[in-house]
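With mmCIF, C-alpha atoms and all ligand atoms inside, this is query.cif:
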data_run
#
loop_
_atom_site.label_atom_id
_atom_site.label_comp_id
_atom_site.auth_asym_id
_atom_site.auth_seq_id
_atom_site.Cartn_x
_atom_site.Cartn_y
_atom_site.Cartn_z
CA MET W 1 -10.15 13.89 0.27
CA GLN W 2 -8.98 10.91 -1.75
CA ILE W 3 -9.00 7.41 -0.36
CA ARG W 4 -8.08 4.96 -3.08
CA PHE W 5 -9.23 1.36 -2.84
CA ILE W 6 -6.98 -0.81 -4.98
CA LEU W 7 -7.84 -4.40 -5.94
CA VAL W 8 -4.76 -6.28 -7.10
CA ALA W 9 -5.46 -8.91 -9.74
CA PRO W 10 -9.09 -9.62 -8.87
CA ARG W 11 -10.10 -12.89 -10.55
CA HIS W 12 -13.88 -12.81 -10.20
CA PRO W 13 -15.72 -9.96 -11.92
CA GLY W 14 -18.51 -10.37 -9.35
CA ASN W 15 -16.11 -9.29 -6.62
CA ILE W 16 -15.31 -6.12 -8.54
CA GLY W 17 -19.02 -5.31 -8.77
CA SER W 18 -19.63 -6.02 -5.08
CA THR W 19 -16.62 -3.89 -4.20
CA ALA W 20 -18.07 -0.94 -6.12
CA ARG W 21 -21.34 -1.35 -4.25
CA ALA W 22 -19.62 -1.69 -0.87
CA MET W 23 -17.68 1.51 -1.54
CA LYS W 24 -20.56 3.58 -2.85
CA THR W 25 -22.81 2.74 0.10
CA MET W 26 -20.14 4.25 2.35
CA GLY W 27 -19.50 7.31 0.20
CA LEU W 28 -16.20 6.20 -1.34
CA ASP W 29 -15.67 6.38 -5.09
CA ASP W 30 -12.00 6.00 -5.97
CA LEU W 31 -11.63 2.42 -7.23
CA TRP W 32 -8.44 1.17 -8.91
CA LEU W 33 -7.99 -2.24 -10.52
CA VAL W 34 -4.55 -3.72 -11.13
CA SER W 35 -4.62 -6.30 -13.95
CA PRO W 36 -8.15 -7.62 -13.37
CA ALA W 37 -8.72 -11.05 -14.93
CA GLN W 38 -11.96 -9.93 -16.62
CA PHE W 39 -13.15 -6.33 -16.73
CA PRO W 40 -15.53 -4.86 -17.80
CA HIS W 41 -17.83 -7.85 -17.38
CA PRO W 42 -21.64 -8.27 -17.13
CA GLU W 43 -21.28 -9.99 -13.76
CA ALA W 44 -19.40 -7.01 -12.35
CA THR W 45 -22.11 -4.68 -13.59
CA ALA W 46 -24.87 -6.91 -12.19
CA LEU W 47 -23.37 -7.10 -8.71
CA ALA W 48 -22.52 -3.40 -8.65
CA SER W 49 -26.26 -2.79 -8.89
CA GLY W 50 -26.74 0.99 -8.58
CA ALA W 51 -22.98 1.54 -8.17
CA ASP W 52 -22.08 0.86 -11.81
CA ASP W 53 -21.00 4.50 -12.14
CA LEU W 54 -18.01 3.58 -9.96
CA LEU W 55 -17.13 0.80 -12.37
CA GLY W 56 -17.31 3.27 -15.23
CA ARG W 57 -14.83 5.54 -13.47
CA ALA W 58 -12.59 2.75 -12.11
CA ARG W 59 -8.97 3.15 -13.13
CA VAL W 60 -7.47 0.03 -14.68
CA VAL W 61 -3.67 -0.20 -14.59
CA GLY W 62 -1.05 -2.87 -15.16
CA THR W 63 1.03 -2.61 -12.00
CA LEU W 64 0.57 -1.79 -8.34
CA ALA W 65 3.25 0.90 -8.67
CA GLU W 66 1.05 2.77 -11.17
CA ALA W 67 -1.94 2.55 -8.87
CA LEU W 68 0.10 3.94 -5.98
CA GLU W 69 1.41 6.96 -7.87
CA GLY W 70 1.02 10.03 -5.67
CA CYS W 71 -0.15 8.08 -2.59
CA ARG W 72 1.33 9.27 0.67
CA TRP W 73 0.24 6.50 2.95
CA VAL W 74 -0.30 2.96 1.76
CA VAL W 75 -1.87 0.20 3.83
CA GLY W 76 -2.09 -3.39 2.70
CA THR W 77 -4.64 -5.91 3.93
CA SER W 78 -3.84 -9.41 5.06
CA ALA W 79 -6.12 -12.30 5.98
CA ARG W 80 -3.32 -14.03 7.78
CA LEU W 81 -1.24 -12.66 10.59
CA ARG W 82 2.04 -14.28 9.80
CA THR W 83 4.20 -14.88 12.81
CA ALA W 84 6.75 -12.24 11.92
CA PHE W 85 5.45 -9.18 10.15
CA TYR W 86 7.72 -6.28 9.44
CA TRP W 87 4.98 -3.68 9.49
CA PRO W 88 2.68 -2.26 12.13
CA VAL W 89 -0.65 -4.10 11.98
CA PHE W 90 -3.92 -2.24 12.61
CA THR W 91 -7.55 -3.26 12.84
CA PRO W 92 -9.91 -1.43 10.45
CA ARG W 93 -11.19 0.62 13.39
CA GLU W 94 -7.68 1.73 14.34
CA VAL W 95 -6.58 2.50 10.82
CA ALA W 96 -9.62 4.51 9.68
CA PRO W 97 -8.86 7.78 11.54
CA ARG W 98 -5.22 7.51 10.48
CA LEU W 99 -6.20 7.13 6.85
CA LEU W 100 -8.50 10.14 7.07
CA GLN W 101 -5.77 12.19 8.69
CA ALA W 102 -3.13 11.23 6.12
CA ALA W 103 -5.59 11.93 3.29
CA VAL W 104 -5.61 15.62 4.22
CA ASP W 105 -2.20 15.96 2.52
CA GLY W 106 -2.93 13.91 -0.62
CA PRO W 107 -4.22 10.55 -1.80
CA VAL W 108 -3.86 7.50 0.42
CA ALA W 109 -4.44 3.87 -0.53
CA VAL W 110 -5.88 0.67 0.88
CA VAL W 111 -4.60 -2.33 -1.08
CA PHE W 112 -6.53 -5.61 -1.35
CA GLY W 113 -4.98 -8.85 -2.61
CA THR W 114 -6.08 -11.41 -5.15
CA GLU W 115 -8.75 -13.85 -4.00
CA ARG W 116 -6.91 -17.07 -3.45
CA THR W 117 -3.47 -15.98 -2.36
CA GLY W 118 -3.73 -12.38 -1.19
CA LEU W 119 -0.90 -9.86 -1.55
CA THR W 120 2.60 -11.05 -2.40
CA ASN W 121 5.65 -10.14 -0.36
CA GLU W 122 6.69 -7.75 -3.09
CA GLU W 123 3.32 -6.03 -2.87
CA PHE W 124 3.52 -5.81 0.93
CA GLU W 125 6.89 -4.14 0.52
CA ARG W 126 5.14 -1.13 -0.98
CA CYS W 127 3.00 -0.69 2.13
CA ASN W 128 3.61 1.52 5.13
CA ALA W 129 1.38 -0.56 7.40
CA LEU W 130 -1.02 -3.49 7.35
CA ILE W 131 -4.64 -4.08 8.21
CA HIS W 132 -5.93 -7.36 9.55
CA ILE W 133 -9.65 -7.81 10.11
CA PRO W 134 -9.95 -9.81 13.32
CA ALA W 135 -11.68 -13.08 12.50
CA ASN W 136 -12.01 -16.71 13.49
CA PRO W 137 -8.39 -17.93 13.72
CA ALA W 138 -9.45 -21.24 12.20
CA TYR W 139 -11.02 -19.47 9.20
CA GLU W 140 -10.00 -15.86 8.84
CA SER W 141 -10.15 -15.28 5.12
CA LEU W 142 -13.14 -13.10 4.21
CA ASN W 143 -14.57 -12.73 0.76
CA LEU W 144 -12.67 -9.90 -0.95
CA SER W 145 -15.63 -7.53 -1.31
CA GLN W 146 -16.74 -8.21 2.26
CA ALA W 147 -13.29 -7.16 3.46
CA VAL W 148 -13.74 -4.01 1.36
CA GLN W 149 -17.13 -3.40 3.00
CA ILE W 150 -15.66 -3.54 6.50
CA LEU W 151 -12.92 -1.07 5.66
CA ALA W 152 -15.34 1.26 3.90
CA TYR W 153 -17.73 1.13 6.85
CA GLU W 154 -15.05 1.96 9.41
CA LEU W 155 -13.96 4.92 7.28
CA ARG W 156 -17.56 6.10 7.24
CA VAL W 157 -17.86 5.85 11.03
CA ALA W 158 -14.50 7.56 11.56
CA ARG W 159 -15.56 10.54 9.44
CA ASP W 160 -17.91 11.60 12.21
CA LEU W 161 -15.36 11.28 15.02
CA PRO W 162 -13.61 14.41 16.28
CA ALA W 163 -10.64 15.36 14.07
CA PRO W 164 -7.37 13.84 15.26
CA GLU W 165 -4.25 15.69 16.39
CA ALA W 166 -2.38 18.36 14.50
CA ARG W 167 -1.28 17.98 10.89
CA ARG W 168 2.21 17.06 9.81
CA LEU W 169 4.46 20.02 9.01
CA VAL W 170 5.80 18.27 5.92
CA PRO W 171 3.56 15.81 4.07
CA LEU W 172 4.64 12.18 3.75
CA ALA W 173 6.57 11.41 0.60
CA PRO W 174 4.50 9.85 -2.20
CA ALA W 175 5.00 6.18 -3.10
CA GLU W 176 7.04 6.86 -6.24
CA GLU W 177 9.56 8.95 -4.28
CA LEU W 178 10.07 6.04 -1.93
CA GLU W 179 10.55 3.75 -4.88
CA ARG W 180 13.24 6.08 -6.27
CA LEU W 181 14.95 6.10 -2.88
CA ASN W 182 14.96 2.28 -2.83
CA THR W 183 16.36 2.11 -6.36
CA HIS W 184 19.04 4.66 -5.51
CA LEU W 185 20.01 2.74 -2.38
CA GLY W 186 20.28 -0.45 -4.44
CA GLN W 187 22.74 1.27 -6.79
CA VAL W 188 24.86 2.53 -3.91
CA LEU W 189 24.87 -0.87 -2.18
CA ALA W 190 26.13 -2.41 -5.42
CA ALA W 191 28.74 0.32 -5.97
CA VAL W 192 30.25 -0.06 -2.50
CA GLU W 193 29.79 -3.84 -2.58
CA PHE W 194 27.62 -3.88 0.51
CA THR W 195 25.97 -7.28 0.21
CA ASP W 196 24.78 -10.07 2.44
CA ARG W 197 25.03 -13.81 2.10
CA ALA W 198 21.44 -14.29 0.99
CA GLY W 199 21.92 -12.07 -2.09
CA GLY W 200 19.29 -11.72 -4.80
CA GLY W 201 17.99 -8.38 -3.59
CA HIS W 202 17.32 -9.65 -0.07
CA LEU W 203 19.12 -6.74 1.58
CA GLU W 204 17.42 -4.18 -0.65
CA ARG W 205 14.04 -5.54 0.34
CA ARG W 206 14.88 -5.30 4.02
CA PHE W 207 15.93 -1.68 3.60
CA ALA W 208 12.71 -1.02 1.67
CA ARG W 209 10.69 -2.35 4.60
CA VAL W 210 12.53 -0.10 7.02
CA PHE W 211 11.88 2.95 4.85
CA GLY W 212 8.23 1.97 4.42
CA ARG W 213 7.68 1.60 8.14
CA ALA W 214 9.43 4.85 8.90
CA GLU W 215 6.79 6.93 7.07
CA LEU W 216 9.35 9.33 5.66
CA ASP W 217 8.29 12.82 4.70
CA GLN W 218 9.58 14.56 1.60
CA HIS W 219 12.44 16.35 3.37
CA GLU W 220 13.62 13.12 4.93
CA VAL W 221 13.60 11.35 1.57
CA ASN W 222 15.64 14.23 0.14
CA MET W 223 18.09 13.90 3.02
CA PHE W 224 18.67 10.20 2.30
CA ARG W 225 18.93 10.82 -1.44
CA GLY W 226 21.54 13.51 -0.73
CA LEU W 227 23.51 11.13 1.46
CA LEU W 228 23.38 8.40 -1.20
CA ALA W 229 24.51 10.83 -3.90
CA ALA W 230 27.46 11.88 -1.71
CA VAL W 231 28.44 8.26 -1.02
CA MET W 232 28.23 7.47 -4.72
CA ALA W 233 30.34 10.49 -5.67
CA LYS W 234 32.96 9.56 -3.10
CA ALA W 235 32.96 5.93 -4.21
CA ARG W 236 33.55 6.99 -7.81
CA ARG W 237 36.58 9.04 -6.77
CA ASP W 238 38.01 6.22 -4.69
CA PRO W 239 40.44 4.20 -6.84
CA GLU W 240 39.68 1.04 -4.85
CA THR W 241 36.00 1.06 -5.70
CA PRO W 242 35.19 -1.24 -8.60
CA ALA W 243 33.71 0.57 -11.59
N1 LIG W 301 -4.97 -16.58 1.72
C1 LIG W 301 -5.06 -15.21 1.40
C2 LIG W 301 -6.51 -14.80 1.41
C3 LIG W 301 -6.82 -13.79 0.40
S1 LIG W 301 -8.46 -13.19 0.59
C4 LIG W 301 -4.24 -14.38 2.40
O1 LIG W 301 -3.59 -14.96 3.22
O2 LIG W 301 -4.19 -13.16 2.37
C5 LIG W 301 -8.42 -11.87 -0.57
C6 LIG W 301 -8.24 -10.52 0.04
O3 LIG W 301 -9.35 -10.20 0.89
C7 LIG W 301 -7.01 -10.33 0.89
O4 LIG W 301 -5.85 -10.12 0.13
C8 LIG W 301 -7.42 -9.09 1.67
O5 LIG W 301 -7.31 -7.97 0.85
C9 LIG W 301 -8.90 -9.36 1.94
N2 LIG W 301 -9.12 -10.05 3.22
C10 LIG W 301 -9.75 -11.23 3.40
N3 LIG W 301 -9.80 -11.55 4.70
C11 LIG W 301 -9.18 -10.56 5.37
C12 LIG W 301 -8.89 -10.30 6.76
N4 LIG W 301 -9.25 -11.14 7.74
N5 LIG W 301 -8.24 -9.16 7.06
C13 LIG W 301 -7.85 -8.30 6.10
N6 LIG W 301 -8.10 -8.48 4.80
C14 LIG W 301 -8.75 -9.59 4.42
#

The structure given in the file should be rewritten as structure tokens.
Amino acid sequence: MQIRFILVAPRHPGNIGSTARAMKTMGLDDLWLVSPAQFPHPEATALASGADDLLGRARVVGTLAEALEGCRWVVGTSARLRTAFYWPVFTPREVAPRLLQAAVDGPVAVVFGTERTGLTNEEFERCNALIHIPANPAYESLNLSQAVQILAYELRVARDLPAPEARRLVPLAPAEELERLNTHLGQVLAAVEFTDRAGGGHLERRFARVFGRAELDQHEVNMFRGLLAAVMAKARRDPETPA
């Protein structure tokens, strides 16, 4: 069972070390770092304490997309509950059994944002759902590694709960398949000149959110890709469609 914890652009090496420790105490060991400011670093090693083996095995990549390769369910974390979120929002306690269940079919990911500003909208767009740790509304931003600890702990507790309902017949599509679907849709939207006033990829991003929320399985992604290919083929044959 693979549950990836991904830190996006962590600035303080100490937080990376504390994250490794928080994970190892709860029996998790799959740590990914996207463009860390400083790593490896003595402060990370010091704060990892006996969990420095996790640091040694941590995967360091340049983009979130690379870290999400193969992941079938992706949840992002947010310190702020913005008024209008486009994703379902869970507490750590609610999300833990779902993560364990989804992990039966392949890797799943929990994504943590950079210390000061958290995840960007573009990063949220790669998520199927969000986690918010309930906190003091006047001060709800936890230290990064403490947020990691809470998630890791709830996963530990959920491991001992009775197994949830039946498995999916078809596993969820991995993140890179969803990305291909979004790219394909963007090409078709351009080809048939389906745009909105806002422009600048606004419509594409809204479609991406819908697809993310829908938790598409592989067959469903194939179905949409087939539809898009058919629309594109038809558009190419239509003399009125611009080249
Ligand atoms: N102002 C930023 C705070 C970032 S804190 C924001 O609005 O998101 C750095 C990271 O710690 C966050 O990206 C998230 O991964 C985690 N975190 C901190 N507090 C959290 C909370 N209450 N719920 C969920 N994640 C939290």

Next on the checklist: Report as JSON, numbers by chain all protein, DNA and RNA residues lying within 9 Å of Pro97 of chain W, evaluated on all atoms listed in the file, omitting residues in the same chain fewer than 4 positions from it.
Outcome noted: {"W": [93, 101, 102, 154, 155, 158, 159, 161, 163, 164]}

Would you write out, as a tab-separated table, a table of all residues in chain W that have an atom no more than 10 Å from an atom of ligand LIG 301 (chain W), listing for each the closest atom pair and the distance in Å to one decimal, considering all atoms listed in the file and ordering rows by chain and rising residue number?
residue	atom	partner	partner_atom	distance
W:Ile6	CA	W:LIG301	O5	9.2
W:Leu7	CA	W:LIG301	O5	7.7
W:Val8	CA	W:LIG301	O4	8.3
W:Ala9	CA	W:LIG301	O4	10.0
W:Pro10	CA	W:LIG301	C5	8.6
W:Gly76	CA	W:LIG301	O5	7.2
W:Thr77	CA	W:LIG301	N6	4.4
W:Ser78	CA	W:LIG301	C13	4.3
W:Ala79	CA	W:LIG301	C12	3.5
W:Arg80	CA	W:LIG301	O1	4.7
W:Leu81	CA	W:LIG301	O1	8.1
W:Arg82	CA	W:LIG301	O1	8.7
W:Phe90	CA	W:LIG301	C13	9.7
W:Thr91	CA	W:LIG301	N5	8.3
W:Pro92	CA	W:LIG301	C13	8.4
W:Val110	CA	W:LIG301	O5	8.8
W:Val111	CA	W:LIG301	O5	6.5
W:Phe112	CA	W:LIG301	O5	3.3
W:Gly113	CA	W:LIG301	O4	3.1
W:Thr114	CA	W:LIG301	C5	5.2
W:Glu115	CA	W:LIG301	C5	4.0
W:Arg116	CA	W:LIG301	C3	5.1
W:Thr117	CA	W:LIG301	C1	4.2
W:Gly118	CA	W:LIG301	O4	3.4
W:Leu119	CA	W:LIG301	O4	5.2
W:Thr120	CA	W:LIG301	O2	8.6
W:Leu130	CA	W:LIG301	C13	8.4
W:Ile131	CA	W:LIG301	C13	5.7
W:His132	CA	W:LIG301	N5	3.8
W:Ile133	CA	W:LIG301	N5	3.6
W:Pro134	CA	W:LIG301	N4	5.8
W:Ala135	CA	W:LIG301	N4	5.7
W:Asn136	CA	W:LIG301	N4	8.5
W:Pro137	CA	W:LIG301	N4	9.1
W:Tyr139	CA	W:LIG301	N4	8.6
W:Glu140	CA	W:LIG301	N4	4.9
W:Ser141	CA	W:LIG301	N3	3.8
W:Leu142	CA	W:LIG301	N3	3.7
W:Asn143	CA	W:LIG301	C10	5.7
W:Leu144	CA	W:LIG301	O3	3.8
W:Ser145	CA	W:LIG301	O3	7.2
W:Gln146	CA	W:LIG301	C10	7.7
W:Ala147	CA	W:LIG301	N2	5.1
W:Val148	CA	W:LIG301	C9	7.2
W:Ile150	CA	W:LIG301	C13	9.2
W:Leu151	CA	W:LIG301	C13	8.8

Checklist entry - For the atom pair atom CA of His184 of chain W and atom CA of Arg206 of chain W, what is the interatomic distance in Å to one decimal place? => result 14.4 Å

Checklist entry - Can you list, as a ChimeraX atom specification, every protein, DNA or RNA residue that comes within 9 Å of His219 of chain W when you count only C-alpha atoms, leaving out same-chain residues fewer than 6 positions away? => result /W:170-173

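Among the candidates W:Ala103, W:Ala129, W:Ala198, W:Leu185, the one nearest to Val221 of chain W when counting all atoms listed in the file is W:Leu185.
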
Checklist entry - Leaving out segment 33-35 of chain W and any residue of its chain fewer than 3 positions from it, which residues lie within 12 Å of it when counting all atoms listed in the file, given as a VMD selection string? => result chain W and resid 4 to 13 15 to 17 19 to 20 30 38 to 40 54 to 68 110 to 114 119 123

May I ask you to restore all heavy atoms in segment 150-161 of chain W and write the result as a compact mmCIF listing (two decimals), keeping the file's coordinate frame?
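Okay, this is what ended up in out06.txt:
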# COMPACT_ATOMS: atom_id res chain seq x y z
N ILE W 150 -16.02 -3.84 5.11
CA ILE W 150 -15.66 -3.54 6.50
C ILE W 150 -14.76 -2.31 6.57
O ILE W 150 -14.96 -1.42 7.39
CB ILE W 150 -15.03 -4.78 7.15
CG1 ILE W 150 -16.14 -5.80 7.41
CG2 ILE W 150 -14.30 -4.42 8.46
CD1 ILE W 150 -15.68 -7.14 7.92
N LEU W 151 -13.80 -2.25 5.68
CA LEU W 151 -12.92 -1.07 5.66
C LEU W 151 -13.71 0.19 5.34
O LEU W 151 -13.54 1.23 5.99
CB LEU W 151 -11.81 -1.27 4.62
CG LEU W 151 -10.45 -1.74 5.13
CD1 LEU W 151 -9.90 -0.75 6.13
CD2 LEU W 151 -10.52 -3.10 5.79
N ALA W 152 -14.57 0.09 4.33
CA ALA W 152 -15.34 1.26 3.90
C ALA W 152 -16.26 1.73 5.03
O ALA W 152 -16.39 2.94 5.27
CB ALA W 152 -16.15 0.92 2.65
N TYR W 153 -16.84 0.79 5.73
CA TYR W 153 -17.73 1.13 6.85
C TYR W 153 -16.97 1.84 7.96
O TYR W 153 -17.42 2.89 8.46
CB TYR W 153 -18.41 -0.13 7.38
CG TYR W 153 -19.12 0.08 8.69
CD1 TYR W 153 -20.32 0.80 8.74
CD2 TYR W 153 -18.58 -0.40 9.88
CE1 TYR W 153 -20.96 1.02 9.94
CE2 TYR W 153 -19.23 -0.18 11.09
CZ TYR W 153 -20.42 0.53 11.12
OH TYR W 153 -21.04 0.76 12.31
N GLU W 154 -15.81 1.32 8.32
CA GLU W 154 -15.05 1.96 9.41
C GLU W 154 -14.61 3.37 9.01
O GLU W 154 -14.56 4.27 9.83
CB GLU W 154 -13.85 1.10 9.80
CG GLU W 154 -14.22 -0.18 10.53
CD GLU W 154 -14.88 0.04 11.91
OE1 GLU W 154 -14.83 1.17 12.45
OE2 GLU W 154 -15.46 -0.93 12.44
N LEU W 155 -14.32 3.56 7.73
CA LEU W 155 -13.96 4.92 7.28
C LEU W 155 -15.16 5.84 7.41
O LEU W 155 -15.03 7.01 7.78
CB LEU W 155 -13.46 4.88 5.84
CG LEU W 155 -12.03 4.36 5.69
CD1 LEU W 155 -11.73 3.97 4.25
CD2 LEU W 155 -11.03 5.42 6.17
N ARG W 156 -16.33 5.31 7.12
CA ARG W 156 -17.56 6.10 7.24
C ARG W 156 -17.79 6.53 8.69
O ARG W 156 -18.07 7.68 8.99
CB ARG W 156 -18.74 5.24 6.76
CG ARG W 156 -20.05 5.95 6.76
CD ARG W 156 -20.16 6.76 5.50
NE ARG W 156 -21.21 7.75 5.57
CZ ARG W 156 -21.40 8.67 4.64
NH1 ARG W 156 -20.61 8.74 3.59
NH2 ARG W 156 -22.36 9.55 4.76
N VAL W 157 -17.64 5.56 9.61
CA VAL W 157 -17.86 5.85 11.03
C VAL W 157 -16.82 6.87 11.51
O VAL W 157 -17.14 7.83 12.22
CB VAL W 157 -17.77 4.55 11.87
CG1 VAL W 157 -17.81 4.86 13.36
CG2 VAL W 157 -18.90 3.62 11.49
N ALA W 158 -15.57 6.70 11.08
CA ALA W 158 -14.50 7.56 11.56
C ALA W 158 -14.66 9.00 11.08
O ALA W 158 -14.18 9.94 11.72
CB ALA W 158 -13.13 7.00 11.11
N ARG W 159 -15.35 9.17 9.95
CA ARG W 159 -15.56 10.54 9.44
C ARG W 159 -16.27 11.42 10.44
O ARG W 159 -16.09 12.64 10.46
CB ARG W 159 -16.43 10.49 8.18
CG ARG W 159 -15.68 10.18 6.95
CD ARG W 159 -16.43 10.45 5.69
NE ARG W 159 -17.84 10.80 5.84
CZ ARG W 159 -18.62 11.11 4.83
NH1 ARG W 159 -18.14 11.14 3.62
NH2 ARG W 159 -19.88 11.42 5.02
N ASP W 160 -17.12 10.82 11.26
CA ASP W 160 -17.91 11.60 12.21
C ASP W 160 -17.25 11.73 13.57
O ASP W 160 -17.81 12.35 14.47
CB ASP W 160 -19.30 10.96 12.36
CG ASP W 160 -20.02 10.94 11.02
OD1 ASP W 160 -19.80 11.86 10.22
OD2 ASP W 160 -20.78 9.98 10.77
N LEU W 161 -16.07 11.14 13.74
CA LEU W 161 -15.36 11.28 15.02
C LEU W 161 -14.67 12.64 15.03
O LEU W 161 -14.42 13.22 13.98
CB LEU W 161 -14.31 10.17 15.17
CG LEU W 161 -14.86 8.74 15.20
CD1 LEU W 161 -13.69 7.75 15.25
CD2 LEU W 161 -15.77 8.55 16.40
